>>> print(open('data.tsv').read())   # TSV, C-alpha atoms
chain	number	residue	atom	x	y	z
Z	17	MET	CA	0.00	0.00	0.00
Z	18	LYS	CA	2.83	2.41	0.79
Z	19	ASP	CA	3.54	3.00	-2.90
Z	20	ARG	CA	-0.08	3.92	-3.66
Z	21	VAL	CA	-0.66	6.83	-1.32
Z	22	ALA	CA	-0.15	10.56	-1.86
Z	23	PHE	CA	0.46	13.30	0.71
Z	24	ILE	CA	-0.29	16.70	-0.81
Z	25	TYR	CA	1.87	19.43	0.71
Z	26	SER	CA	4.11	22.41	0.21
Z	27	GLU	CA	5.16	25.11	2.66
Z	28	GLU	CA	3.25	27.60	0.51
Z	29	GLN	CA	0.07	26.20	2.07
Z	30	LEU	CA	1.07	28.08	5.23
Z	31	ASN	CA	0.43	31.35	3.35
Z	32	TYR	CA	-3.29	30.96	4.09
Z	33	LYS	CA	-2.91	33.13	7.18
Z	34	PHE	CA	-5.37	35.74	8.42
Z	35	SER	CA	-3.16	37.10	11.22
Z	36	SER	CA	-0.80	35.95	13.95
Z	37	HIS	CA	-3.63	35.83	16.52
Z	38	HIS	CA	-6.39	34.30	14.37
Z	39	PRO	CA	-7.53	30.85	15.60
Z	40	PHE	CA	-7.20	29.31	12.12
Z	41	ASN	CA	-3.49	28.57	12.04
Z	42	GLN	CA	-1.94	26.51	9.26
Z	43	PHE	CA	1.23	26.10	11.30
Z	44	ARG	CA	-0.51	22.90	12.46
Z	45	LEU	CA	0.45	21.42	9.08
Z	46	LYS	CA	4.12	21.82	9.89
Z	47	LEU	CA	3.68	20.32	13.35
Z	48	THR	CA	1.87	17.31	11.89
Z	49	ILE	CA	4.43	16.69	9.16
Z	50	ASP	CA	7.29	16.93	11.62
Z	51	LEU	CA	5.56	14.41	13.88
Z	52	LEU	CA	5.14	12.02	10.94
Z	53	ASN	CA	8.79	12.49	10.02
Z	54	LYS	CA	9.90	11.80	13.58
Z	55	VAL	CA	8.07	8.44	13.59
Z	56	HIS	CA	9.41	7.66	10.08
Z	57	GLY	CA	5.85	7.57	8.79
Z	58	LEU	CA	6.19	9.89	5.80
Z	59	ASP	CA	8.53	9.24	2.90
Z	60	ALA	CA	9.63	12.07	0.61
Z	61	GLU	CA	8.48	10.08	-2.41
Z	62	HIS	CA	4.87	10.30	-1.19
Z	63	ILE	CA	4.81	14.11	-0.97
Z	64	ILE	CA	3.14	15.70	-4.00
Z	65	PRO	CA	3.16	19.50	-4.24
Z	66	PRO	CA	-0.26	21.11	-4.74
Z	67	ARG	CA	-1.07	23.05	-7.87
Z	68	MET	CA	-3.04	26.27	-8.04
Z	69	ALA	CA	-6.73	25.89	-8.87
Z	70	THR	CA	-7.68	27.83	-11.99
Z	71	GLU	CA	-10.41	30.45	-11.97
Z	72	GLU	CA	-12.47	28.17	-14.19
Z	73	GLU	CA	-12.19	25.42	-11.58
Z	74	LEU	CA	-13.13	27.79	-8.76
Z	75	ALA	CA	-16.14	28.84	-10.82
Z	76	LEU	CA	-17.47	25.27	-10.72
Z	77	ILE	CA	-18.84	26.40	-7.34
Z	78	HIS	CA	-18.03	30.08	-6.79
Z	79	ASP	CA	-19.59	33.06	-8.55
Z	80	PRO	CA	-17.11	34.86	-10.84
Z	81	SER	CA	-17.95	38.19	-9.20
Z	82	TYR	CA	-16.97	36.71	-5.81
Z	83	ILE	CA	-13.69	35.36	-7.19
Z	84	ASP	CA	-12.96	38.82	-8.58
Z	85	ALA	CA	-13.76	40.38	-5.19
Z	86	VAL	CA	-11.35	38.01	-3.42
Z	87	LYS	CA	-8.61	38.88	-5.91
Z	88	LYS	CA	-9.15	42.61	-5.42
Z	89	ALA	CA	-9.34	42.30	-1.63
Z	90	GLY	CA	-6.00	40.52	-1.51
Z	91	HIS	CA	-4.41	43.40	-3.38
Z	92	GLY	CA	-6.02	46.15	-1.32
Z	93	GLN	CA	-8.39	47.17	-4.13
Z	94	LEU	CA	-11.78	46.31	-2.61
Z	95	PRO	CA	-13.63	48.96	-0.57
Z	96	LYS	CA	-14.59	47.83	2.92
Z	97	GLU	CA	-18.35	48.21	2.38
Z	98	ILE	CA	-18.22	46.02	-0.73
Z	99	ALA	CA	-15.93	43.48	0.93
Z	100	GLU	CA	-18.40	42.94	3.74
Z	101	ASN	CA	-21.10	42.01	1.23
Z	102	TYR	CA	-18.88	39.08	0.30
Z	103	GLY	CA	-18.10	38.09	3.89
Z	104	LEU	CA	-14.59	39.52	3.58
Z	105	GLY	CA	-12.95	41.80	6.11
Z	106	THR	CA	-14.99	40.36	8.99
Z	107	GLU	CA	-13.70	39.13	12.34
Z	108	ASP	CA	-13.93	35.52	11.12
Z	109	THR	CA	-12.50	36.12	7.65
Z	110	PRO	CA	-10.19	39.14	7.64
Z	111	VAL	CA	-8.58	40.30	4.44
Z	112	PHE	CA	-4.90	39.39	4.04
Z	113	PRO	CA	-2.40	39.97	1.21
Z	114	ASN	CA	-2.66	37.62	-1.80
Z	115	MET	CA	-5.64	35.81	-0.28
Z	116	HIS	CA	-6.88	34.65	-3.68
Z	117	GLU	CA	-3.58	32.98	-4.47
Z	118	ALA	CA	-3.29	31.36	-1.03
Z	119	SER	CA	-6.90	30.11	-1.16
Z	120	SER	CA	-6.55	28.84	-4.72
Z	121	LEU	CA	-3.55	26.77	-3.69
Z	122	LEU	CA	-5.57	25.03	-0.96
Z	123	VAL	CA	-8.31	24.22	-3.49
Z	124	GLY	CA	-5.70	23.09	-5.98
Z	125	GLY	CA	-4.25	20.80	-3.33
Z	126	THR	CA	-7.55	18.99	-3.02
Z	127	LEU	CA	-7.88	18.80	-6.81
Z	128	THR	CA	-4.36	17.37	-6.93
Z	129	ALA	CA	-5.49	14.71	-4.46
Z	130	VAL	CA	-8.54	13.98	-6.61
Z	131	ASP	CA	-6.47	13.51	-9.76
Z	132	GLN	CA	-3.96	11.29	-7.96
Z	133	VAL	CA	-6.75	8.94	-6.91
Z	134	MET	CA	-9.02	9.06	-9.94
Z	135	THR	CA	-6.18	8.46	-12.43
Z	136	GLY	CA	-4.94	5.47	-10.42
Z	137	LYS	CA	-1.63	7.04	-9.43
Z	138	ALA	CA	-2.67	6.63	-5.81
Z	139	LEU	CA	-5.38	4.69	-4.08
Z	140	HIS	CA	-5.65	7.19	-1.23
Z	141	ALA	CA	-4.63	10.87	-1.08
Z	142	LEU	CA	-4.51	13.37	1.77
Z	143	ASN	CA	-4.56	17.18	1.59
Z	144	LEU	CA	-4.52	18.44	5.17
Z	145	GLY	CA	-4.43	22.02	3.89
Z	146	GLY	CA	-8.00	21.63	2.63
Z	147	GLY	CA	-11.32	21.06	4.35
Z	148	LEU	CA	-12.65	24.66	4.20
Z	149	HIS	CA	-16.27	23.55	4.29
Z	150	HIS	CA	-18.05	26.82	5.17
Z	151	GLY	CA	-17.36	28.74	1.95
Z	152	PHE	CA	-20.44	29.60	-0.12
Z	153	ARG	CA	-20.97	30.35	-3.80
Z	154	GLY	CA	-20.63	34.08	-3.31
Z	155	LYS	CA	-19.53	34.59	0.27
Z	156	ALA	CA	-16.73	33.75	2.68
Z	157	SER	CA	-17.75	32.27	6.02
Z	158	GLY	CA	-16.23	30.70	9.10
Z	159	PHE	CA	-12.53	31.11	8.20
Z	160	CYS	CA	-13.22	29.74	4.71
Z	161	ILE	CA	-12.74	31.78	1.52
Z	162	TYR	CA	-13.03	29.14	-1.22
Z	163	ASN	CA	-14.68	25.80	-0.51
Z	164	ASP	CA	-12.17	23.22	-1.72
Z	165	SER	CA	-14.39	20.22	-0.93
Z	166	SER	CA	-17.33	21.60	-2.92
Z	167	VAL	CA	-15.08	22.45	-5.87
Z	168	ALA	CA	-13.51	18.98	-5.67
Z	169	ILE	CA	-16.87	17.23	-5.63
Z	170	LYS	CA	-18.08	19.18	-8.67
Z	171	TYR	CA	-14.75	18.45	-10.34
Z	172	LEU	CA	-15.21	14.74	-9.59
Z	173	GLN	CA	-18.61	14.87	-11.24
Z	174	GLU	CA	-17.56	16.90	-14.29
Z	175	LYS	CA	-14.26	15.17	-15.05
Z	176	TYR	CA	-14.81	11.64	-13.71
Z	177	ASN	CA	-18.60	11.23	-13.64
Z	178	ALA	CA	-18.37	9.99	-10.06
Z	179	ARG	CA	-20.99	9.51	-7.35
Z	180	VAL	CA	-19.45	11.06	-4.25
Z	181	LEU	CA	-20.01	10.31	-0.58
Z	182	TYR	CA	-18.84	13.29	1.48
Z	183	VAL	CA	-18.28	12.56	5.17
Z	184	ASP	CA	-17.67	15.48	7.53
Z	185	THR	CA	-16.55	14.82	11.12
Z	186	ASP	CA	-15.72	18.43	12.00
Z	187	ALA	CA	-17.42	19.70	15.17
Z	188	HIS	CA	-18.94	22.46	13.03
Z	189	HIS	CA	-21.62	21.51	10.51
Z	190	GLY	CA	-20.37	21.26	6.91
Z	191	ASP	CA	-22.93	23.78	5.68
Z	192	GLY	CA	-21.18	25.06	2.57
Z	193	VAL	CA	-20.78	21.58	1.09
Z	194	GLN	CA	-24.30	20.51	2.04
Z	195	TRP	CA	-25.96	23.52	0.39
Z	196	SER	CA	-23.81	23.18	-2.74
Z	197	PHE	CA	-25.32	19.74	-3.45
Z	198	TYR	CA	-28.62	19.93	-1.62
Z	199	ASP	CA	-30.64	19.06	-4.74
Z	200	ASP	CA	-28.17	16.58	-6.26
Z	201	PRO	CA	-28.90	12.84	-5.92
Z	202	ASN	CA	-25.39	11.94	-7.06
Z	203	VAL	CA	-23.76	13.53	-4.01
Z	204	CYS	CA	-24.53	12.23	-0.54
Z	205	THR	CA	-23.42	14.36	2.42
Z	206	LEU	CA	-23.07	13.03	5.96
Z	207	SER	CA	-22.10	15.48	8.70
Z	208	ILE	CA	-21.62	14.55	12.37
Z	209	HIS	CA	-21.21	17.71	14.40
Z	210	GLU	CA	-22.05	19.54	17.60
Z	211	THR	CA	-25.64	20.71	17.61
Z	212	GLY	CA	-26.16	24.15	16.12
Z	213	ARG	CA	-28.04	25.22	19.24
Z	214	TYR	CA	-24.70	26.18	20.74
Z	215	LEU	CA	-22.25	26.43	17.89
Z	216	PHE	CA	-21.56	28.11	14.54
Z	217	PRO	CA	-22.97	27.86	11.89
Z	218	GLY	CA	-26.24	26.93	13.61
Z	219	THR	CA	-27.30	24.54	10.83
Z	220	GLY	CA	-27.14	20.77	10.37
Z	221	ASN	CA	-30.54	19.95	11.82
Z	222	LEU	CA	-32.18	16.57	11.40
Z	223	ASN	CA	-34.78	17.94	9.00
Z	224	GLU	CA	-32.13	19.12	6.52
Z	225	ARG	CA	-32.47	16.12	4.22
Z	226	GLY	CA	-32.06	17.69	0.78
Z	227	GLN	CA	-34.56	19.06	-1.71
Z	228	GLY	CA	-35.96	18.13	-5.11
Z	229	LEU	CA	-34.12	15.19	-6.63
Z	230	GLY	CA	-31.61	15.48	-3.80
Z	231	TYR	CA	-34.15	14.82	-1.07
Z	232	GLY	CA	-32.95	11.94	1.09
Z	233	TYR	CA	-29.26	12.40	0.24
Z	234	SER	CA	-28.34	14.79	3.04
Z	235	PHE	CA	-27.74	13.27	6.49
Z	236	ASN	CA	-27.03	15.21	9.67
Z	237	ILE	CA	-26.18	13.86	13.12
Z	238	PRO	CA	-26.14	16.86	15.50
Z	239	VAL	CA	-24.73	15.52	18.76
Z	240	ASP	CA	-25.24	17.22	22.11
Z	241	ALA	CA	-22.64	19.38	23.82
Z	242	PHE	CA	-20.26	17.42	26.10
Z	243	THR	CA	-20.64	14.25	24.02
Z	244	GLU	CA	-17.89	11.74	24.88
Z	245	ASP	CA	-16.05	9.11	22.85
Z	246	GLU	CA	-18.42	6.16	23.10
Z	247	SER	CA	-21.53	8.09	22.11
Z	248	TRP	CA	-19.73	9.95	19.30
Z	249	LEU	CA	-18.25	6.75	17.88
Z	250	GLN	CA	-21.59	4.96	18.01
Z	251	ALA	CA	-23.15	7.72	15.92
Z	252	TYR	CA	-20.27	7.86	13.46
Z	253	THR	CA	-19.90	4.11	12.99
Z	254	GLN	CA	-23.57	3.29	12.62
Z	255	ALA	CA	-24.36	6.27	10.40
Z	256	LEU	CA	-21.44	5.85	8.02
Z	257	LYS	CA	-22.00	2.12	7.56
Z	258	GLU	CA	-25.71	2.52	6.83
Z	259	VAL	CA	-25.35	5.60	4.63
Z	260	ALA	CA	-22.58	3.98	2.57
Z	261	GLU	CA	-24.66	0.83	2.10
Z	262	PHE	CA	-27.61	2.99	1.00
Z	263	PHE	CA	-25.67	5.25	-1.40
Z	264	LYS	CA	-22.95	2.92	-2.74
Z	265	PRO	CA	-20.49	5.66	-3.80
Z	266	ASP	CA	-17.80	5.58	-6.44
Z	267	VAL	CA	-15.43	7.58	-4.22
Z	268	ILE	CA	-15.37	8.80	-0.63
Z	269	LEU	CA	-14.21	12.28	0.36
Z	270	THR	CA	-13.70	12.80	4.08
Z	271	GLN	CA	-13.33	16.12	5.87
Z	272	ASN	CA	-11.33	15.62	9.07
Z	273	GLY	CA	-11.76	18.58	11.37
Z	274	ALA	CA	-10.01	17.86	14.68
Z	275	ASP	CA	-12.11	20.17	16.84
Z	276	SER	CA	-14.38	17.71	18.66
Z	277	HIS	CA	-11.62	17.13	21.20
Z	278	TYR	CA	-12.06	18.19	24.81
Z	279	TYR	CA	-9.11	20.59	24.50
Z	280	ASP	CA	-10.49	22.49	21.51
Z	281	PRO	CA	-11.11	26.12	22.51
Z	282	LEU	CA	-13.96	26.80	20.06
Z	283	THR	CA	-16.29	23.84	20.68
Z	284	HIS	CA	-18.05	22.08	23.56
Z	285	LEU	CA	-17.56	18.37	22.92
Z	286	SER	CA	-15.61	15.98	25.15
Z	287	ALA	CA	-13.98	13.54	22.77
Z	288	THR	CA	-10.41	12.32	23.17
Z	289	MET	CA	-7.79	11.04	20.78
Z	290	LYS	CA	-9.70	7.75	20.73
Z	291	ILE	CA	-12.12	9.00	18.07
Z	292	TYR	CA	-9.29	10.25	15.86
Z	293	ARG	CA	-7.77	6.80	15.81
Z	294	GLU	CA	-11.10	5.27	14.76
Z	295	ILE	CA	-12.35	7.88	12.23
Z	296	PRO	CA	-9.85	7.01	9.47
Z	297	LYS	CA	-10.06	3.29	10.15
Z	298	LEU	CA	-13.74	3.16	9.24
Z	299	ALA	CA	-13.32	5.55	6.31
Z	300	HIS	CA	-10.58	3.26	4.99
Z	301	GLU	CA	-12.83	0.22	5.37
Z	302	ILE	CA	-15.75	1.91	3.61
Z	303	ALA	CA	-13.52	3.06	0.74
Z	304	HIS	CA	-12.37	-0.50	0.05
Z	305	LYS	CA	-15.83	-2.01	0.47
Z	306	TYR	CA	-17.66	0.31	-1.94
Z	307	CYS	CA	-15.16	2.41	-3.91
Z	308	GLY	CA	-12.34	0.09	-4.90
Z	309	GLY	CA	-10.26	1.89	-2.28
Z	310	LYS	CA	-10.76	5.40	-3.71
Z	311	TRP	CA	-10.41	7.70	-0.69
Z	312	ILE	CA	-9.60	11.39	-0.68
Z	313	ALA	CA	-9.18	13.11	2.70
Z	314	VAL	CA	-8.81	16.75	3.66
Z	315	GLY	CA	-8.21	18.61	6.92
Z	316	GLY	CA	-10.64	21.15	8.38
Z	317	GLY	CA	-11.10	22.70	11.80
Z	318	GLY	CA	-8.84	22.12	14.77
Z	319	TYR	CA	-7.80	24.97	17.02
Z	320	ASP	CA	-5.63	23.32	19.65
Z	321	ILE	CA	-2.80	23.14	17.18
Z	322	TRP	CA	-0.20	21.86	19.65
Z	323	ARG	CA	-1.81	19.08	21.69
Z	324	VAL	CA	-4.56	17.80	19.38
Z	325	VAL	CA	-4.21	18.44	15.67
Z	326	PRO	CA	-0.78	16.87	15.01
Z	327	ARG	CA	-1.74	13.60	16.69
Z	328	ALA	CA	-5.22	13.51	15.14
Z	329	TRP	CA	-4.08	14.27	11.60
Z	330	ALA	CA	-1.06	11.98	11.82
Z	331	HIS	CA	-3.47	9.11	12.40
Z	332	ILE	CA	-5.15	9.75	9.03
Z	333	TRP	CA	-1.92	9.37	7.09
Z	334	LEU	CA	-0.70	6.44	9.16
Z	335	GLU	CA	-4.00	4.65	8.46
Z	336	MET	CA	-3.87	5.47	4.75
Z	337	SER	CA	-0.32	4.14	4.45
Z	338	GLU	CA	-1.13	1.08	6.60
Z	339	ASN	CA	1.38	2.15	9.20
Z	340	SER	CA	-1.09	2.78	12.01
Z	341	ASN	CA	0.71	1.08	14.88
Z	342	CYS	CA	1.64	4.22	16.76
Z	343	TYR	CA	0.89	3.64	20.42
Z	344	GLY	CA	2.67	4.57	23.61
Z	345	SER	CA	5.04	7.51	23.75
Z	346	LEU	CA	5.32	10.32	21.22
Z	347	PRO	CA	8.84	10.88	19.87
Z	348	ALA	CA	10.91	12.59	22.54
Z	349	ASP	CA	12.76	14.67	19.95
Z	350	TRP	CA	9.43	16.04	18.57
Z	351	ILE	CA	8.38	17.08	22.09
Z	352	ALA	CA	11.78	18.58	22.92
Z	353	TYR	CA	11.96	20.56	19.68
Z	354	TRP	CA	8.49	22.13	19.83
Z	355	GLN	CA	7.94	22.52	23.58
Z	356	LYS	CA	9.93	25.76	23.67
Z	357	ASP	CA	7.44	27.34	21.24
Z	358	SER	CA	4.25	25.78	22.62
Z	359	PRO	CA	2.13	27.84	25.05
Z	360	VAL	CA	0.87	24.58	26.60
Z	361	VAL	CA	2.56	21.44	27.86
Z	362	LEU	CA	2.77	18.98	24.97
Z	363	PRO	CA	1.34	15.49	25.45
Z	364	LYS	CA	3.82	12.67	25.88
Z	365	GLU	CA	1.61	9.85	24.57
Z	366	TRP	CA	-0.29	9.17	21.36
Z	367	ASP	CA	-3.44	8.53	23.38
Z	368	ASP	CA	-4.99	10.75	26.03
Z	369	PRO	CA	-5.05	9.68	29.69
Z	370	GLU	CA	-8.24	8.11	31.01
Z	371	ASN	CA	-8.72	10.97	33.46
Z	372	LEU	CA	-8.37	13.76	30.89
Z	373	TYR	CA	-11.31	15.62	32.44
Z	374	THR	CA	-13.70	15.40	35.37
Z	375	PRO	CA	-16.55	12.94	34.69
Z	376	ILE	CA	-19.64	14.65	33.25
Z	377	PRO	CA	-22.76	14.02	35.39
Z	378	ARG	CA	-25.11	14.16	32.37
Z	379	LYS	CA	-23.28	11.45	30.40
Z	380	ALA	CA	-26.19	8.98	30.33
Z	381	GLU	CA	-28.67	11.68	29.37
Z	382	ILE	CA	-26.43	12.99	26.58
Z	383	THR	CA	-25.85	9.48	25.24
Z	384	GLU	CA	-29.58	8.79	25.17
Z	385	LYS	CA	-30.28	12.05	23.32
Z	386	ASN	CA	-27.61	11.23	20.75
Z	387	LEU	CA	-29.06	7.77	20.21
Z	388	ILE	CA	-32.50	9.25	19.56
Z	389	THR	CA	-30.92	11.73	17.12
Z	390	LEU	CA	-29.12	8.91	15.32
Z	391	GLU	CA	-32.31	6.86	15.00
Z	392	LYS	CA	-34.19	9.84	13.57
Z	393	ALA	CA	-31.40	10.67	11.13
Z	394	LEU	CA	-31.30	7.12	9.77
Z	395	TYR	CA	-35.07	6.60	9.78
Z	396	PRO	CA	-35.49	7.30	6.03
Z	397	ILE	CA	-32.99	4.58	5.11
Z	398	ARG	CA	-34.47	2.05	7.50
Z	399	ASN	CA	-38.02	2.86	6.49
Z	400	GLN	CA	-37.07	2.41	2.83
Z	401	GLN	CA	-35.53	-0.96	3.61
Z	402	LYS	CA	-38.68	-2.11	5.37
Z	403	ASN	CA	-40.81	-1.17	2.39
>>> encode(input="data.tsv", output="structure tokens")
Amino acid sequence: MKDRVAFIYSEEQLNYKFSSHHPFNQFRLKLTIDLLNKVHGLDAEHIIPPRMATEEELALIHDPSYIDAVKKAGHGQLPKEIAENYGLGTEDTPVFPNMHEASSLLVGGTLTAVDQVMTGKALHALNLGGGLHHGFRGKASGFCIYNDSSVAIKYLQEKYNARVLYVDTDAHHGDGVQWSFYDDPNVCTLSIHETGRYLFPGTGNLNERGQGLGYGYSFNIPVDAFTEDESWLQAYTQALKEVAEFFKPDVILTQNGADSHYYDPLTHLSATMKIYREIPKLAHEIAHKYCGGKWIAVGGGGYDIWRVVPRAWAHIWLEMSENSNCYGSLPADWIAYWQKDSPVVLPKEWDDPENLYTPIPRKAEITEKNLITLEKALYPIRNQQKN
């Protein structure tokens, strides 16, 4: 397997940077790659540099006037009042120099991953610089300028005539991707996220099932705040297995936000590294069962860039390359090198300790609510099977 995997990366992906204090920090890519290098899990031959997405490719999803606005904003040529109409220059999505070029490279990275897999050069491909799932046709949102997953899915349809299963495990609902294909029966979206009652973007409700010909191809599992590993994994495992069996995709595209962890500063879930070991395992299994192994993965959210994201994202690549036996201690040289820069004490183990946080009194209640949510989300599939 090692010779049929592709890791999409170049240091230019770090140019997607709003400011030094913004929570979206692509420095996490560098931390992850260094961790993989320290465990001898990433060979230079597997690293494929991303290309820049063309304007024509961006326009598969994004309005040309929006693309033009992003270009002008990045060169200081877009008035503030016009920028705000496009979601640019906000607290979430500030304007930064050359933002069009930086954003296009992240999209191009995901398209590079798509071409690697769909041409047979690789069976699996990973672009951790992607996963910007909140971008809309004509508006930036939630740290996302261009929506690389939406562009990639449309690209998969146009160039490869593929039926795509999009699986989003970010703590924030994958709204931009869902709405892009809400009426399309050849794209199935499954998002497992913290309920929008407490968290941006406030969507991803059970009743968001698609519209028109796409009705029944949008699945949302909004889990309750403070959800722990067992309940989260039950929802993920059961939902993905049943949705994949229902849809039978040609290719699977997974968005791997790492912000459901207890340490994440922007969310309210209580998962540990346990779920990030299991997420890619099941995705890998589903890809081989239904797609001939075709699996494209991207990054996403993840705002504890020191303690959580490197471990979580390393697991994706280690699973893809069938080198997923990393247990016990993290490399001492990785910890020693980065601890001087980290504002928090770095973990010493791949897995979190059992007593990571004080037990949550409402655990049984939360688990029961999530089970009811899961049953309701999967009801259409099960009802169809009965009939």
>>> closest_residue(input="data.tsv", among="Z:Gln42, Z:Thr374, Z:Asn272, Z:Thr389", to="Gln250 of chain Z", atoms="all atoms listed in the file")
Z:Thr389
>>> closest_atom_pairs(input="data.tsv", of="segment 242-280 of chain Z", to="segment 193-200 of chain Z", cutoff="12 Å", atoms="all atoms listed in the file", output="tab-separated table")
residue	atom	partner	partner_atom	distance
Z:Leu269	CA	Z:Val193	CA	11.4
Z:Thr270	CA	Z:Val193	CA	11.7
Z:Gln271	CA	Z:Val193	CA	10.4
>>> atom_distance(input="data.tsv", atom1="atom CA of Glu97 of chain Z", atom2="atom CA of Ser157 of chain Z")
16.4 Å
>>> closest_residue(input="data.tsv", among="Z:Pro396, Z:Pro238, Z:Pro66, Z:Gly124", to="Leu285 of chain Z", atoms="only C-alpha atoms")
Z:Pro238
>>> atom_distance(input="data.tsv", atom1="atom CA of Ala69 of chain Z", atom2="atom CA of Glu174 of chain Z")
15.1 Å
>>> closest_atom_pairs(input="data.tsv", of="segment 140-208 of chain Z", to="segment 214-230 of chain Z", cutoff="12 Å", atoms="only C-alpha atoms", output="Markdown table")
| residue | atom | partner | partner_atom | distance |
| --- | --- | --- | --- | --- |
| Z:His149 | CA | Z:Pro217 | CA | 11.0 |
| Z:His150 | CA | Z:Pro217 | CA | 8.4 |
| Z:Gly151 | CA | Z:Pro217 | CA | 11.4 |
| Z:Ser157 | CA | Z:Pro217 | CA | 9.0 |
| Z:Gly158 | CA | Z:Pro217 | CA | 7.8 |
| Z:Phe159 | CA | Z:Phe216 | CA | 11.4 |
| Z:Asp184 | CA | Z:Gly220 | CA | 11.2 |
| Z:Asp186 | CA | Z:Phe216 | CA | 11.6 |
| Z:Ala187 | CA | Z:Leu215 | CA | 8.7 |
| Z:His188 | CA | Z:Phe216 | CA | 6.4 |
| Z:His189 | CA | Z:Gly220 | CA | 5.6 |
| Z:Gly190 | CA | Z:Gly220 | CA | 7.6 |
| Z:Asp191 | CA | Z:Thr219 | CA | 6.8 |
| Z:Gly192 | CA | Z:Pro217 | CA | 9.9 |
| Z:Val193 | CA | Z:Gly220 | CA | 11.3 |
| Z:Gln194 | CA | Z:Gly226 | CA | 8.4 |
| Z:Trp195 | CA | Z:Gly226 | CA | 8.4 |
| Z:Ser196 | CA | Z:Gly226 | CA | 10.5 |
| Z:Phe197 | CA | Z:Gly230 | CA | 7.6 |
| Z:Tyr198 | CA | Z:Gly226 | CA | 4.8 |
| Z:Asp199 | CA | Z:Gly230 | CA | 3.8 |
| Z:Asp200 | CA | Z:Gly230 | CA | 4.4 |
| Z:Pro201 | CA | Z:Gly230 | CA | 4.3 |
| Z:Asn202 | CA | Z:Gly230 | CA | 7.9 |
| Z:Val203 | CA | Z:Gly230 | CA | 8.1 |
| Z:Cys204 | CA | Z:Gly230 | CA | 8.4 |
| Z:Thr205 | CA | Z:Arg225 | CA | 9.4 |
| Z:Leu206 | CA | Z:Gly220 | CA | 9.8 |
| Z:Ser207 | CA | Z:Gly220 | CA | 7.5 |
| Z:Ile208 | CA | Z:Gly220 | CA | 8.6 |
>>> closest_residue(input="data.tsv", among="Z:Val361, Z:Leu390, Z:His304, Z:Gly154", to="Thr253 of chain Z", atoms="all atoms listed in the file")
Z:Leu390
>>> atom_distance(input="data.tsv", atom1="atom CA of Val21 of chain Z", atom2="atom CA of Val180 of chain Z")
19.5 Å
>>> residues_around(input="data.tsv", residues="Ile64 of chain Z", least_positions_apart="2", cutoff="12 Å", atoms="all atoms listed in the file", output="PyMOL selection string")
chain Z and resi 21-27+58-62+66-67+124-129+131-132+137-138+141-143
>>> write_last_selection(input="data.tsv", atoms="C-alpha atoms", output="PDB file, in the frame of the given file")
ATOM      1  CA  VAL Z  21      -0.660   6.830  -1.320  1.00  0.00           C
ATOM      2  CA  ALA Z  22      -0.150  10.560  -1.860  1.00  0.00           C
ATOM      3  CA  PHE Z  23       0.460  13.300   0.710  1.00  0.00           C
ATOM      4  CA  ILE Z  24      -0.290  16.700  -0.810  1.00  0.00           C
ATOM      5  CA  TYR Z  25       1.870  19.430   0.710  1.00  0.00           C
ATOM      6  CA  SER Z  26       4.110  22.410   0.210  1.00  0.00           C
ATOM      7  CA  GLU Z  27       5.160  25.110   2.660  1.00  0.00           C
ATOM      8  CA  LEU Z  58       6.190   9.890   5.800  1.00  0.00           C
ATOM      9  CA  ASP Z  59       8.530   9.240   2.900  1.00  0.00           C
ATOM     10  CA  ALA Z  60       9.630  12.070   0.610  1.00  0.00           C
ATOM     11  CA  GLU Z  61       8.480  10.080  -2.410  1.00  0.00           C
ATOM     12  CA  HIS Z  62       4.870  10.300  -1.190  1.00  0.00           C
ATOM     13  CA  PRO Z  66      -0.260  21.110  -4.740  1.00  0.00           C
ATOM     14  CA  ARG Z  67      -1.070  23.050  -7.870  1.00  0.00           C
ATOM     15  CA  GLY Z 124      -5.700  23.090  -5.980  1.00  0.00           C
ATOM     16  CA  GLY Z 125      -4.250  20.800  -3.330  1.00  0.00           C
ATOM     17  CA  THR Z 126      -7.550  18.990  -3.020  1.00  0.00           C
ATOM     18  CA  LEU Z 127      -7.880  18.800  -6.810  1.00  0.00           C
ATOM     19  CA  THR Z 128      -4.360  17.370  -6.930  1.00  0.00           C
ATOM     20  CA  ALA Z 129      -5.490  14.710  -4.460  1.00  0.00           C
ATOM     21  CA  ASP Z 131      -6.470  13.510  -9.760  1.00  0.00           C
ATOM     22  CA  GLN Z 132      -3.960  11.290  -7.960  1.00  0.00           C
ATOM     23  CA  LYS Z 137      -1.630   7.040  -9.430  1.00  0.00           C
ATOM     24  CA  ALA Z 138      -2.670   6.630  -5.810  1.00  0.00           C
ATOM     25  CA  ALA Z 141      -4.630  10.870  -1.080  1.00  0.00           C
ATOM     26  CA  LEU Z 142      -4.510  13.370   1.770  1.00  0.00           C
ATOM     27  CA  ASN Z 143      -4.560  17.180   1.590  1.00  0.00           C
TER      28      ASN Z 143
END
>>> closest_residue(input="data.tsv", among="Z:Ile83, Z:Cys342, Z:Ala330, Z:Val324", to="Val360 of chain Z", atoms="all atoms listed in the file")
Z:Val324
>>> closest_residue(input="data.tsv", among="Z:Ala251, Z:Leu76, Z:Val314, Z:Met134", to="Leu148 of chain Z", atoms="only C-alpha atoms")
Z:Val314
>>> closest_residue(input="data.tsv", among="Z:Tyr279, Z:Phe263, Z:Phe235, Z:Tyr182", to="Tyr319 of chain Z", atoms="all atoms listed in the file")
Z:Tyr279
>>> residues_around(input="data.tsv", residues="Ala274 of chain Z", least_positions_apart="4", cutoff="9 Å", atoms="all atoms listed in the file", output="NGL selection string")
:Z and (185-187 or 280 or 292 or 315-320 or 324-325 or 328-329)
